[in-house]
Amino acid sequence: MTSGILAYGTYLPYRRLDLSEVAAVAGGGGGRGTRTVASYDEDTTTLAVEAARGLGPASSLWFSTTTPAYADKTNATAVHAALRLDPTAPAFDANGSVRSAVGALRAALAHADLGGSPRSLWVTSDVRAGNPGSPDEAAGGDGAAAFLVGEGDAMAEVVGWGSATAEFLDRWRTPGDVASKVWEERFGEGQYLAAGRAAWDDALKSTGVDTIDRVAIVGSSSRAVTQLQKQLGIEATTIPAGIGFAGAAAPALALAALLDAASPGETVALVVLADGADVLLLRTTEALEGRRSDLAAQAAGGGPIAYGTYLRWRSLLKAEPPRRPEPARPSASAAGRSGDWKFGFVGSQGDDGTIHLPPSPLDGTARPMADATGTIVTFTIDRLAYSPSPPVVFAVVDFDGGGRLPVELTDVDPADVAVGGRVELTFRKLFTADGIHNYFWKARPVR
């Protein structure tokens, strides 16, 4: 049985930056349209969790980003814990570059070919920044996508690959820097056109495919992407407007857009221009019907964020800190003892059916609650509590089917909060202290 794509999901953060606001503050740059912006309580780990939720169990997890939350620690393990994967399923990072995301997909597919019908989860996410007013700031975007791959009722079967590797300096960022540096763009364009053409020819020759119905081309060099599309003579499927180039997540988002647009029985190609070029050929099946993502709908949604707030969230604007004591460093031992609750939002259920949040040691039944929705019964807007983006909105939520919990709200404007409002859970970062990210669950409005 041929390995392929079994399911996929995408996640775009709620906030959108209107690029027309940039020039008035930065003295230049910006442009037309919008870009996606991760919230102050989101990072590449939380974005990855949101994209992968609901895709089903996996026997391995492969995570890629260019902006990992941690160095010298595997970030994929937090994603693994939040998704409540089996402890026997290994979780690996493949971080640092856009091409690492392609390598992680190839590794996930290779793991799925080991026998025993394993299913691998390929997850990518990124938070893209740039110097204020720079082209990278305007062209970038934040987002995530996840693909479950393996043997089974595949919606798209892998036909083959083509690759071309080349060492040249067109884009780089040293550890600790916020923004990347870019060489003169025409130099990179020439290198990518040669690599892209070579990888394309390699893919077609090695697989015997002579007709491609759809193609998506993605890369940080927009000139190279445009020129390669012209050379191939195929109108490319693009990522929906308003997202931007999402770094390591861009190949996965482009693949999602490709599958969203495809019909069963088509041969489609994903071309990634990054430190060379890679071409993935897929053939869609009847299983694609009814199982597409909602990437275009996500791109069309969202709420505005002021440019000054965006700069503050990215620590590109030094603002007055909260005049409150900073939170204490989270306890590693305490987190280790309550992993199912902290990362998986698993409560408990008593013999009488009562659901306890947090879980009670007296209950014998675990009750996963991460997918629950609920209703706000009361709330408060706290302008005194420590927060990198005040005010803090707390609400007491009654969950459908039982369970009540005070929980922080996110992706919401305080004026829009009301008793009776419907909310759902989302994996976020409460705060960071001493370099430790304190992950937990918040609630956001159901939209």
# chains A, B, ... in the order shown; residues from 1 in each chain; ligands from 1
$ residues_around --residues "Ser222 (chain A)" --least-positions-apart "4" --cutoff "10 Å" --atoms "only C-alpha atoms" --output "NGL selection string"
:A and (139 or 185 or 189 or 217-218 or 226-228 or 245)
$ select_by_dssp --residues "region 64-246 of chain A" --states "strand (DSSP E or B)" --output "MDAnalysis selection string"
chainID A and resid 64 91:93 119:126 140 143:150 156:165 171:172 181:182 214:219 245
$ residues_around --residues "region 327-335 of chain A" --least-positions-apart "4" --cutoff "9 Å" --atoms "only C-alpha atoms" --output "number ranges by chain"
A: 339, 342-343, 386, 431-438
$ closest_residue --among "A:Ile305, A:Ala78, A:Ser3, A:Gly160" --to "Arg35 (chain A)" --atoms "only C-alpha atoms"
A:Ile305
$ residues_around --residues "Leu281 (chain A)" --least-positions-apart "6" --cutoff "9 Å" --atoms "only C-alpha atoms" --output "PDB file with C-alpha atoms, in the first residue's frame"
ATOM      1  CA  GLU A 157      -0.723   9.352  -2.453  1.00  0.00           C
ATOM      2  CA  VAL A 158       2.994  10.097  -2.773  1.00  0.00           C
ATOM      3  CA  VAL A 159       4.208   9.621  -6.334  1.00  0.00           C
ATOM      4  CA  GLY A 160       7.812  10.699  -5.821  1.00  0.00           C
ATOM      5  CA  TRP A 161      10.359  13.390  -5.095  1.00  0.00           C
ATOM      6  CA  GLY A 162      12.915  15.498  -6.875  1.00  0.00           C
ATOM      7  CA  ALA A 203      10.989  14.571 -10.106  1.00  0.00           C
ATOM      8  CA  LEU A 204       9.407  14.046 -13.518  1.00  0.00           C
ATOM      9  CA  THR A 207       8.658   9.039 -11.546  1.00  0.00           C
ATOM     10  CA  VAL A 209       5.072  11.611 -14.694  1.00  0.00           C
ATOM     11  CA  ILE A 212       1.044  18.034 -13.683  1.00  0.00           C
ATOM     12  CA  THR A 267      -1.408  14.958 -10.032  1.00  0.00           C
ATOM     13  CA  VAL A 268      -0.175  17.899  -7.980  1.00  0.00           C
ATOM     14  CA  ALA A 269       3.295  19.202  -7.204  1.00  0.00           C
ATOM     15  CA  LEU A 270       4.706  21.157  -4.268  1.00  0.00           C
ATOM     16  CA  VAL A 271       7.918  23.039  -5.088  1.00  0.00           C
TER      17      VAL A 271
END
$ residues_around --residues "Ala144 (chain A)" --least-positions-apart "4" --cutoff "10 Å" --atoms "only C-alpha atoms" --output "NGL selection string"
:A and (9-13 or 44-52 or 64-65 or 123-127 or 246-250 or 252-253)
